[in-house]
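Trainee: Okay, here's the structure, questions in a sec.
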Amino acid sequence: MDYTSMKWNKESYKEFISELKGMQDEKYREFHNKIIGAEVEVIGLRSPVVKDIAKKIAKGDWQGFLAQKKGKYYEETTLRGQVIGFAKADKEIIKEYIEKYTDEINNWGVCDSFIGNLKVIKKEKEYFYPMVKKMAESKDQWKIRFGLITLMSYYIEKEYIDEIFEMCSKVENKEYYVQMGQAWLVSTLFIKFRNETLEYLKDNSLDKWTQNKAIQKIRESFRVSEEDKELVKSLKK
């Protein structure tokens, strides 16, 4: 199929899914099922394959593609997110698609791969910041994770870190992938803003599990000195 010139409708989308199934890598499907750890059907397509297809769709009728009814496969959801990331449109339009897409996120793999391809946020940090902040302050676990990991990926800069610490402390959701997002964010903050994050670790409202997981991730980093690894160890709750 020529994804760039494709006009998307119910029939062409059905053919598209059949073609994806024909590209299946069974060994990768089994591996990916294990690491995703979610109740979702996986076709078994490697990330570079998905990304290449998404790039081609984004050069054509990408809005028509996104208008199709999504089915049950992990790769379908991932592709939709990748297409949004590659699409060329006004930031206002892309923002609408991002907000709609966060309703489709139902596992960490979809969430994190989507964020990794949102270079438009990196280019327009100030514009997208209110949206990202709203996500981090949501009640929905996947919207929260989207907010936290987006902050980690694009906003760890001096002008944002005080608010990031505040947002991280305000998270009340105790779902595993939310807490892991918090811990990952704090450990990355430590690497980039060591002194400020050290003070945060000394006085915050993080629960015991999240604080200790953040410290564990700091101690596992190759970018942290042995002295600092011992120092943060003393801050475990």
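In the structure tokens, the first chain shown is A, the next is B, and so on; residue numbers restart at 1 for each chain, and ligands run from 1 in the order shown.
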Find the residues around stretch 36-51 of chain A up to 8 Å (only C-alpha atoms counted), leave out those fewer than 3 positions away in its own chain, and share them as a PDB file with all heavy atoms, in the first residue's frame.

Mentor:
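Done, and the output landed in result_34.pdb:
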ATOM      1  N   LEU A  20      -0.766  -4.932   7.972  1.00  0.00           N
ATOM      2  CA  LEU A  20       0.048  -4.915   9.193  1.00  0.00           C
ATOM      3  C   LEU A  20       0.217  -6.327   9.744  1.00  0.00           C
ATOM      4  O   LEU A  20       1.308  -6.714  10.170  1.00  0.00           O
ATOM      5  CB  LEU A  20      -0.596  -4.022  10.257  1.00  0.00           C
ATOM      6  CG  LEU A  20      -0.668  -2.511  10.010  1.00  0.00           C
ATOM      7  CD1 LEU A  20      -1.216  -1.810  11.243  1.00  0.00           C
ATOM      8  CD2 LEU A  20       0.683  -1.938   9.634  1.00  0.00           C
ATOM      9  N   LYS A  21      -0.856  -7.073   9.743  1.00  0.00           N
ATOM     10  CA  LYS A  21      -0.795  -8.456  10.244  1.00  0.00           C
ATOM     11  C   LYS A  21       0.165  -9.300   9.412  1.00  0.00           C
ATOM     12  O   LYS A  21       0.830 -10.203   9.926  1.00  0.00           O
ATOM     13  CB  LYS A  21      -2.189  -9.080  10.229  1.00  0.00           C
ATOM     14  CG  LYS A  21      -3.133  -8.501  11.265  1.00  0.00           C
ATOM     15  CD  LYS A  21      -4.510  -9.166  11.155  1.00  0.00           C
ATOM     16  CE  LYS A  21      -5.480  -8.609  12.172  1.00  0.00           C
ATOM     17  NZ  LYS A  21      -6.830  -9.209  12.037  1.00  0.00           N
ATOM     18  N   MET A  23       2.899  -8.348   8.251  1.00  0.00           N
ATOM     19  CA  MET A  23       4.273  -7.974   8.601  1.00  0.00           C
ATOM     20  C   MET A  23       4.680  -8.525   9.961  1.00  0.00           C
ATOM     21  O   MET A  23       5.760  -8.238  10.468  1.00  0.00           O
ATOM     22  CB  MET A  23       4.415  -6.448   8.652  1.00  0.00           C
ATOM     23  CG  MET A  23       4.075  -5.721   7.386  1.00  0.00           C
ATOM     24  SD  MET A  23       4.246  -3.923   7.652  1.00  0.00           S
ATOM     25  CE  MET A  23       3.469  -3.297   6.169  1.00  0.00           C
ATOM     26  N   GLN A  24       3.818  -9.302  10.572  1.00  0.00           N
ATOM     27  CA  GLN A  24       4.021  -9.758  11.950  1.00  0.00           C
ATOM     28  C   GLN A  24       5.350 -10.468  12.171  1.00  0.00           C
ATOM     29  O   GLN A  24       5.776 -11.294  11.383  1.00  0.00           O
ATOM     30  CB  GLN A  24       2.893 -10.706  12.347  1.00  0.00           C
ATOM     31  CG  GLN A  24       2.948 -11.171  13.793  1.00  0.00           C
ATOM     32  CD  GLN A  24       1.874 -12.194  14.098  1.00  0.00           C
ATOM     33  OE1 GLN A  24       1.927 -13.322  13.621  1.00  0.00           O
ATOM     34  NE2 GLN A  24       0.881 -11.794  14.876  1.00  0.00           N
ATOM     35  N   ASP A  25       6.005 -10.088  13.269  1.00  0.00           N
ATOM     36  CA  ASP A  25       7.208 -10.762  13.749  1.00  0.00           C
ATOM     37  C   ASP A  25       6.783 -11.504  15.022  1.00  0.00           C
ATOM     38  O   ASP A  25       6.609 -10.887  16.079  1.00  0.00           O
ATOM     39  CB  ASP A  25       8.294  -9.718  14.049  1.00  0.00           C
ATOM     40  CG  ASP A  25       9.604 -10.330  14.520  1.00  0.00           C
ATOM     41  OD1 ASP A  25       9.555 -11.386  15.185  1.00  0.00           O
ATOM     42  OD2 ASP A  25      10.660  -9.738  14.251  1.00  0.00           O
ATOM     43  N   GLU A  26       6.581 -12.801  14.921  1.00  0.00           N
ATOM     44  CA  GLU A  26       5.999 -13.569  16.011  1.00  0.00           C
ATOM     45  C   GLU A  26       6.874 -13.544  17.274  1.00  0.00           C
ATOM     46  O   GLU A  26       6.367 -13.412  18.393  1.00  0.00           O
ATOM     47  CB  GLU A  26       5.774 -15.018  15.576  1.00  0.00           C
ATOM     48  CG  GLU A  26       5.178 -15.916  16.654  1.00  0.00           C
ATOM     49  CD  GLU A  26       3.824 -15.442  17.165  1.00  0.00           C
ATOM     50  OE1 GLU A  26       3.066 -14.824  16.398  1.00  0.00           O
ATOM     51  OE2 GLU A  26       3.544 -15.665  18.368  1.00  0.00           O
ATOM     52  N   LYS A  27       8.183 -13.658  17.107  1.00  0.00           N
ATOM     53  CA  LYS A  27       9.075 -13.625  18.272  1.00  0.00           C
ATOM     54  C   LYS A  27       8.990 -12.280  18.983  1.00  0.00           C
ATOM     55  O   LYS A  27       8.971 -12.210  20.214  1.00  0.00           O
ATOM     56  CB  LYS A  27      10.517 -13.914  17.850  1.00  0.00           C
ATOM     57  CG  LYS A  27      10.778 -15.375  17.506  1.00  0.00           C
ATOM     58  CD  LYS A  27      12.254 -15.617  17.224  1.00  0.00           C
ATOM     59  CE  LYS A  27      12.517 -17.094  16.938  1.00  0.00           C
ATOM     60  NZ  LYS A  27      13.950 -17.349  16.652  1.00  0.00           N
ATOM     61  N   TYR A  28       8.936 -11.219  18.193  1.00  0.00           N
ATOM     62  CA  TYR A  28       8.834  -9.887  18.794  1.00  0.00           C
ATOM     63  C   TYR A  28       7.478  -9.710  19.479  1.00  0.00           C
ATOM     64  O   TYR A  28       7.384  -9.085  20.535  1.00  0.00           O
ATOM     65  CB  TYR A  28       9.032  -8.803  17.741  1.00  0.00           C
ATOM     66  CG  TYR A  28       9.002  -7.408  18.312  1.00  0.00           C
ATOM     67  CD1 TYR A  28      10.052  -6.943  19.095  1.00  0.00           C
ATOM     68  CD2 TYR A  28       7.903  -6.569  18.110  1.00  0.00           C
ATOM     69  CE1 TYR A  28      10.025  -5.670  19.649  1.00  0.00           C
ATOM     70  CE2 TYR A  28       7.862  -5.305  18.664  1.00  0.00           C
ATOM     71  CZ  TYR A  28       8.928  -4.861  19.422  1.00  0.00           C
ATOM     72  OH  TYR A  28       8.885  -3.603  19.981  1.00  0.00           O
ATOM     73  N   ARG A  29       6.424 -10.274  18.890  1.00  0.00           N
ATOM     74  CA  ARG A  29       5.097 -10.183  19.491  1.00  0.00           C
ATOM     75  C   ARG A  29       5.096 -10.809  20.885  1.00  0.00           C
ATOM     76  O   ARG A  29       4.570 -10.234  21.836  1.00  0.00           O
ATOM     77  CB  ARG A  29       4.060 -10.881  18.605  1.00  0.00           C
ATOM     78  CG  ARG A  29       2.612 -10.677  19.071  1.00  0.00           C
ATOM     79  CD  ARG A  29       1.652 -11.543  18.281  1.00  0.00           C
ATOM     80  NE  ARG A  29       1.786 -12.948  18.647  1.00  0.00           N
ATOM     81  CZ  ARG A  29       1.236 -13.486  19.739  1.00  0.00           C
ATOM     82  NH1 ARG A  29       0.506 -12.746  20.569  1.00  0.00           N
ATOM     83  NH2 ARG A  29       1.398 -14.761  20.015  1.00  0.00           N
ATOM     84  N   GLU A  30       5.703 -11.968  21.006  1.00  0.00           N
ATOM     85  CA  GLU A  30       5.767 -12.647  22.299  1.00  0.00           C
ATOM     86  C   GLU A  30       6.573 -11.835  23.308  1.00  0.00           C
ATOM     87  O   GLU A  30       6.185 -11.705  24.473  1.00  0.00           O
ATOM     88  CB  GLU A  30       6.392 -14.036  22.123  1.00  0.00           C
ATOM     89  CG  GLU A  30       5.519 -14.998  21.320  1.00  0.00           C
ATOM     90  CD  GLU A  30       6.208 -16.324  21.061  1.00  0.00           C
ATOM     91  OE1 GLU A  30       7.340 -16.517  21.565  1.00  0.00           O
ATOM     92  OE2 GLU A  30       5.615 -17.174  20.367  1.00  0.00           O
ATOM     93  N   HIS A  32       7.151  -8.540  23.206  1.00  0.00           N
ATOM     94  CA  HIS A  32       6.491  -7.267  23.500  1.00  0.00           C
ATOM     95  C   HIS A  32       5.294  -7.468  24.426  1.00  0.00           C
ATOM     96  O   HIS A  32       5.022  -6.623  25.284  1.00  0.00           O
ATOM     97  CB  HIS A  32       6.062  -6.594  22.194  1.00  0.00           C
ATOM     98  CG  HIS A  32       5.984  -5.106  22.298  1.00  0.00           C
ATOM     99  ND1 HIS A  32       7.067  -4.326  22.640  1.00  0.00           N
ATOM    100  CD2 HIS A  32       4.948  -4.240  22.118  1.00  0.00           C
ATOM    101  CE1 HIS A  32       6.705  -3.058  22.658  1.00  0.00           C
ATOM    102  NE2 HIS A  32       5.427  -2.979  22.356  1.00  0.00           N
ATOM    103  N   ASN A  33       4.597  -8.570  24.256  1.00  0.00           N
ATOM    104  CA  ASN A  33       3.477  -8.876  25.144  1.00  0.00           C
ATOM    105  C   ASN A  33       3.923  -8.900  26.602  1.00  0.00           C
ATOM    106  O   ASN A  33       3.209  -8.441  27.500  1.00  0.00           O
ATOM    107  CB  ASN A  33       2.864 -10.240  24.783  1.00  0.00           C
ATOM    108  CG  ASN A  33       1.629 -10.101  23.915  1.00  0.00           C
ATOM    109  OD1 ASN A  33       0.892  -9.132  24.029  1.00  0.00           O
ATOM    110  ND2 ASN A  33       1.408 -11.059  23.047  1.00  0.00           N
ATOM    111  N   ALA A  54       4.156   5.442  10.033  1.00  0.00           N
ATOM    112  CA  ALA A  54       3.551   6.683  10.531  1.00  0.00           C
ATOM    113  C   ALA A  54       4.059   7.904   9.770  1.00  0.00           C
ATOM    114  O   ALA A  54       3.288   8.814   9.446  1.00  0.00           O
ATOM    115  CB  ALA A  54       3.835   6.838  12.020  1.00  0.00           C
ATOM    116  N   LYS A  55       5.343   7.940   9.472  1.00  0.00           N
ATOM    117  CA  LYS A  55       5.914   9.055   8.706  1.00  0.00           C
ATOM    118  C   LYS A  55       5.240   9.182   7.353  1.00  0.00           C
ATOM    119  O   LYS A  55       4.930  10.291   6.890  1.00  0.00           O
ATOM    120  CB  LYS A  55       7.425   8.842   8.511  1.00  0.00           C
ATOM    121  CG  LYS A  55       8.277   9.155   9.720  1.00  0.00           C
ATOM    122  CD  LYS A  55       9.744   8.924   9.396  1.00  0.00           C
ATOM    123  CE  LYS A  55      10.633   9.218  10.596  1.00  0.00           C
ATOM    124  NZ  LYS A  55      12.066   8.953  10.297  1.00  0.00           N
ATOM    125  N   LYS A  72      -8.561  -3.050  17.929  1.00  0.00           N
ATOM    126  CA  LYS A  72      -8.129  -3.599  19.217  1.00  0.00           C
ATOM    127  C   LYS A  72      -6.627  -3.717  19.387  1.00  0.00           C
ATOM    128  O   LYS A  72      -6.151  -4.055  20.471  1.00  0.00           O
ATOM    129  CB  LYS A  72      -8.748  -4.978  19.401  1.00  0.00           C
ATOM    130  CG  LYS A  72      -8.344  -5.970  18.298  1.00  0.00           C
ATOM    131  CD  LYS A  72      -9.082  -7.294  18.433  1.00  0.00           C
ATOM    132  CE  LYS A  72      -8.717  -8.250  17.301  1.00  0.00           C
ATOM    133  NZ  LYS A  72      -9.430  -9.535  17.414  1.00  0.00           N
ATOM    134  N   TYR A  73      -5.857  -3.432  18.341  1.00  0.00           N
ATOM    135  CA  TYR A  73      -4.433  -3.750  18.389  1.00  0.00           C
ATOM    136  C   TYR A  73      -3.572  -2.622  18.964  1.00  0.00           C
ATOM    137  O   TYR A  73      -3.806  -1.433  18.703  1.00  0.00           O
ATOM    138  CB  TYR A  73      -3.924  -4.134  17.002  1.00  0.00           C
ATOM    139  CG  TYR A  73      -4.562  -5.389  16.462  1.00  0.00           C
ATOM    140  CD1 TYR A  73      -5.496  -5.333  15.424  1.00  0.00           C
ATOM    141  CD2 TYR A  73      -4.263  -6.631  17.015  1.00  0.00           C
ATOM    142  CE1 TYR A  73      -6.097  -6.490  14.944  1.00  0.00           C
ATOM    143  CE2 TYR A  73      -4.858  -7.788  16.547  1.00  0.00           C
ATOM    144  CZ  TYR A  73      -5.778  -7.707  15.507  1.00  0.00           C
ATOM    145  OH  TYR A  73      -6.380  -8.862  15.053  1.00  0.00           O
ATOM    146  N   TYR A  74      -2.567  -3.035  19.693  1.00  0.00           N
ATOM    147  CA  TYR A  74      -1.592  -2.096  20.271  1.00  0.00           C
ATOM    148  C   TYR A  74      -0.973  -1.212  19.190  1.00  0.00           C
ATOM    149  O   TYR A  74      -0.837   0.003  19.362  1.00  0.00           O
ATOM    150  CB  TYR A  74      -0.501  -2.903  20.992  1.00  0.00           C
ATOM    151  CG  TYR A  74       0.676  -2.103  21.458  1.00  0.00           C
ATOM    152  CD1 TYR A  74       0.629  -1.399  22.658  1.00  0.00           C
ATOM    153  CD2 TYR A  74       1.852  -2.048  20.707  1.00  0.00           C
ATOM    154  CE1 TYR A  74       1.713  -0.657  23.098  1.00  0.00           C
ATOM    155  CE2 TYR A  74       2.944  -1.310  21.141  1.00  0.00           C
ATOM    156  CZ  TYR A  74       2.870  -0.613  22.333  1.00  0.00           C
ATOM    157  OH  TYR A  74       3.950   0.123  22.752  1.00  0.00           O
ATOM    158  N   GLU A  75      -0.613  -1.815  18.073  1.00  0.00           N
ATOM    159  CA  GLU A  75       0.043  -1.061  17.002  1.00  0.00           C
ATOM    160  C   GLU A  75      -0.858   0.003  16.397  1.00  0.00           C
ATOM    161  O   GLU A  75      -0.372   1.033  15.930  1.00  0.00           O
ATOM    162  CB  GLU A  75       0.539  -2.011  15.898  1.00  0.00           C
ATOM    163  CG  GLU A  75       1.779  -2.811  16.265  1.00  0.00           C
ATOM    164  CD  GLU A  75       1.495  -4.056  17.085  1.00  0.00           C
ATOM    165  OE1 GLU A  75       0.314  -4.292  17.442  1.00  0.00           O
ATOM    166  OE2 GLU A  75       2.448  -4.799  17.373  1.00  0.00           O
ATOM    167  N   THR A  78      -0.597   2.919  18.810  1.00  0.00           N
ATOM    168  CA  THR A  78       0.743   3.493  18.709  1.00  0.00           C
ATOM    169  C   THR A  78       0.901   4.294  17.416  1.00  0.00           C
ATOM    170  O   THR A  78       1.447   5.409  17.417  1.00  0.00           O
ATOM    171  CB  THR A  78       1.810   2.385  18.771  1.00  0.00           C
ATOM    172  OG1 THR A  78       1.638   1.627  19.966  1.00  0.00           O
ATOM    173  CG2 THR A  78       3.216   2.977  18.771  1.00  0.00           C
ATOM    174  N   LEU A  79       0.424   3.736  16.324  1.00  0.00           N
ATOM    175  CA  LEU A  79       0.509   4.417  15.028  1.00  0.00           C
ATOM    176  C   LEU A  79      -0.212   5.759  15.049  1.00  0.00           C
ATOM    177  O   LEU A  79       0.294   6.759  14.516  1.00  0.00           O
ATOM    178  CB  LEU A  79      -0.091   3.535  13.930  1.00  0.00           C
ATOM    179  CG  LEU A  79       0.884   2.692  13.119  1.00  0.00           C
ATOM    180  CD1 LEU A  79       0.132   1.640  12.303  1.00  0.00           C
ATOM    181  CD2 LEU A  79       1.724   3.564  12.202  1.00  0.00           C
ATOM    182  N   GLN A  82       1.974   8.222  16.777  1.00  0.00           N
ATOM    183  CA  GLN A  82       3.139   8.567  15.961  1.00  0.00           C
ATOM    184  C   GLN A  82       2.755   9.496  14.819  1.00  0.00           C
ATOM    185  O   GLN A  82       3.491  10.432  14.492  1.00  0.00           O
ATOM    186  CB  GLN A  82       3.773   7.291  15.411  1.00  0.00           C
ATOM    187  CG  GLN A  82       4.390   6.371  16.444  1.00  0.00           C
ATOM    188  CD  GLN A  82       5.686   6.920  17.023  1.00  0.00           C
ATOM    189  OE1 GLN A  82       6.593   7.260  16.288  1.00  0.00           O
ATOM    190  NE2 GLN A  82       5.758   6.999  18.331  1.00  0.00           N
ATOM    191  N   ASN A 107      -1.943   2.084  28.280  1.00  0.00           N
ATOM    192  CA  ASN A 107      -0.777   1.388  28.840  1.00  0.00           C
ATOM    193  C   ASN A 107       0.452   2.271  28.695  1.00  0.00           C
ATOM    194  O   ASN A 107       0.447   3.254  27.952  1.00  0.00           O
ATOM    195  CB  ASN A 107      -0.569   0.015  28.183  1.00  0.00           C
ATOM    196  CG  ASN A 107      -0.247   0.108  26.710  1.00  0.00           C
ATOM    197  OD1 ASN A 107       0.858   0.482  26.326  1.00  0.00           O
ATOM    198  ND2 ASN A 107      -1.230  -0.215  25.853  1.00  0.00           N
ATOM    199  N   TRP A 108       1.491   1.916  29.417  1.00  0.00           N
ATOM    200  CA  TRP A 108       2.680   2.771  29.470  1.00  0.00           C
ATOM    201  C   TRP A 108       3.416   2.830  28.136  1.00  0.00           C
ATOM    202  O   TRP A 108       4.030   3.853  27.802  1.00  0.00           O
ATOM    203  CB  TRP A 108       3.633   2.308  30.574  1.00  0.00           C
ATOM    204  CG  TRP A 108       4.334   1.016  30.268  1.00  0.00           C
ATOM    205  CD1 TRP A 108       3.931  -0.237  30.612  1.00  0.00           C
ATOM    206  CD2 TRP A 108       5.560   0.846  29.535  1.00  0.00           C
ATOM    207  NE1 TRP A 108       4.829  -1.188  30.149  1.00  0.00           N
ATOM    208  CE2 TRP A 108       5.836  -0.542  29.481  1.00  0.00           C
ATOM    209  CE3 TRP A 108       6.455   1.724  28.922  1.00  0.00           C
ATOM    210  CZ2 TRP A 108       6.948  -1.063  28.838  1.00  0.00           C
ATOM    211  CZ3 TRP A 108       7.567   1.205  28.277  1.00  0.00           C
ATOM    212  CH2 TRP A 108       7.812  -0.173  28.244  1.00  0.00           C
ATOM    213  N   GLY A 109       3.373   1.741  27.362  1.00  0.00           N
ATOM    214  CA  GLY A 109       4.087   1.725  26.086  1.00  0.00           C
ATOM    215  C   GLY A 109       3.522   2.738  25.115  1.00  0.00           C
ATOM    216  O   GLY A 109       4.268   3.496  24.464  1.00  0.00           O
TER     217      GLY A 109
END

Trainee: Taking only residues of stretch 31-110 of chain A that have an atom at most 12 Å from an atom of stretch 139-142 of chain A, what is each one's shortest atom pair and its distance in Å to one decimal, using only C-alpha atoms, in chain and number order, as a Markdown table?

Mentor:
| residue | atom | partner | partner_atom | distance |
| --- | --- | --- | --- | --- |
| A:Glu99 | CA | A:Trp142 | CA | 12.0 |
| A:Tyr101 | CA | A:Trp142 | CA | 10.9 |
| A:Thr102 | CA | A:Trp142 | CA | 7.4 |
| A:Asp103 | CA | A:Trp142 | CA | 8.3 |
| A:Glu104 | CA | A:Trp142 | CA | 9.2 |
| A:Ile105 | CA | A:Trp142 | CA | 6.3 |
| A:Asn106 | CA | A:Trp142 | CA | 6.7 |
| A:Asn107 | CA | A:Trp142 | CA | 7.3 |
| A:Trp108 | CA | A:Trp142 | CA | 7.7 |
| A:Gly109 | CA | A:Trp142 | CA | 10.8 |
| A:Val110 | CA | A:Trp142 | CA | 9.7 |

Trainee: According to DSSP computed on the backbone, where in stretch 71-105 of chain A is there alpha helix (DSSP H)? Give the residues as number ranges by chain.

Mentor: A: 74-86, 91-101

Trainee: At a cut-off of 9 Å, using only C-alpha atoms, what residues contact A:Tyr155? Leave out same-chain residues fewer than 4 positions from it and give the result as a PDB file with N, CA, C and O atoms, in the first residue's frame.

Mentor:
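Saved to selection26.pdb:
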ATOM      1  N   LYS A 122       8.531  20.332  22.150  1.00  0.00           N
ATOM      2  CA  LYS A 122       9.884  20.859  22.378  1.00  0.00           C
ATOM      3  C   LYS A 122      10.061  22.218  21.709  1.00  0.00           C
ATOM      4  O   LYS A 122      10.729  23.114  22.234  1.00  0.00           O
ATOM      5  N   LYS A 125       7.309  25.017  23.768  1.00  0.00           N
ATOM      6  CA  LYS A 125       7.162  24.681  25.183  1.00  0.00           C
ATOM      7  C   LYS A 125       6.135  25.555  25.898  1.00  0.00           C
ATOM      8  O   LYS A 125       5.260  25.059  26.606  1.00  0.00           O
ATOM      9  N   TYR A 129       2.572  24.194  27.611  1.00  0.00           N
ATOM     10  CA  TYR A 129       2.758  23.989  29.046  1.00  0.00           C
ATOM     11  C   TYR A 129       1.443  23.914  29.834  1.00  0.00           C
ATOM     12  O   TYR A 129       1.283  23.008  30.668  1.00  0.00           O
ATOM     13  N   THR A 150       5.997  13.905  30.024  1.00  0.00           N
ATOM     14  CA  THR A 150       6.213  15.042  29.122  1.00  0.00           C
ATOM     15  C   THR A 150       7.033  16.119  29.818  1.00  0.00           C
ATOM     16  O   THR A 150       7.933  16.720  29.209  1.00  0.00           O
ATOM     17  N   LEU A 151       6.737  16.375  31.076  1.00  0.00           N
ATOM     18  CA  LEU A 151       7.548  17.328  31.852  1.00  0.00           C
ATOM     19  C   LEU A 151       8.995  16.863  31.898  1.00  0.00           C
ATOM     20  O   LEU A 151       9.927  17.653  31.694  1.00  0.00           O
ATOM     21  N   GLU A 159      13.314  27.538  34.621  1.00  0.00           N
ATOM     22  CA  GLU A 159      12.067  28.291  34.781  1.00  0.00           C
ATOM     23  C   GLU A 159      10.872  27.417  35.177  1.00  0.00           C
ATOM     24  O   GLU A 159       9.847  27.933  35.637  1.00  0.00           O
ATOM     25  N   TYR A 160      10.998  26.110  34.992  1.00  0.00           N
ATOM     26  CA  TYR A 160       9.868  25.232  35.269  1.00  0.00           C
ATOM     27  C   TYR A 160      10.030  24.364  36.520  1.00  0.00           C
ATOM     28  O   TYR A 160       9.044  23.818  37.019  1.00  0.00           O
ATOM     29  N   ILE A 161      11.245  24.213  37.016  1.00  0.00           N
ATOM     30  CA  ILE A 161      11.469  23.148  38.007  1.00  0.00           C
ATOM     31  C   ILE A 161      10.695  23.325  39.312  1.00  0.00           C
ATOM     32  O   ILE A 161      10.252  22.340  39.908  1.00  0.00           O
ATOM     33  N   ILE A 164       7.342  22.036  38.690  1.00  0.00           N
ATOM     34  CA  ILE A 164       7.391  20.585  38.486  1.00  0.00           C
ATOM     35  C   ILE A 164       7.452  19.869  39.833  1.00  0.00           C
ATOM     36  O   ILE A 164       6.735  18.882  40.057  1.00  0.00           O
TER      37      ILE A 164
END

Trainee: Would you mind listing what lies within 9 Å of A:Val171 as a list in words, with only C-alpha atoms counted and same-chain residues fewer than 2 positions away left out?

Mentor: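 Once the adjacent positions are removed, what remains is Ala136, Glu137, Ser138, Lys139, Ile144, Met167, Cys168, Ser169, Asn173, Lys174, Val178, Gln179, Gln182 and Leu206 of chain A.
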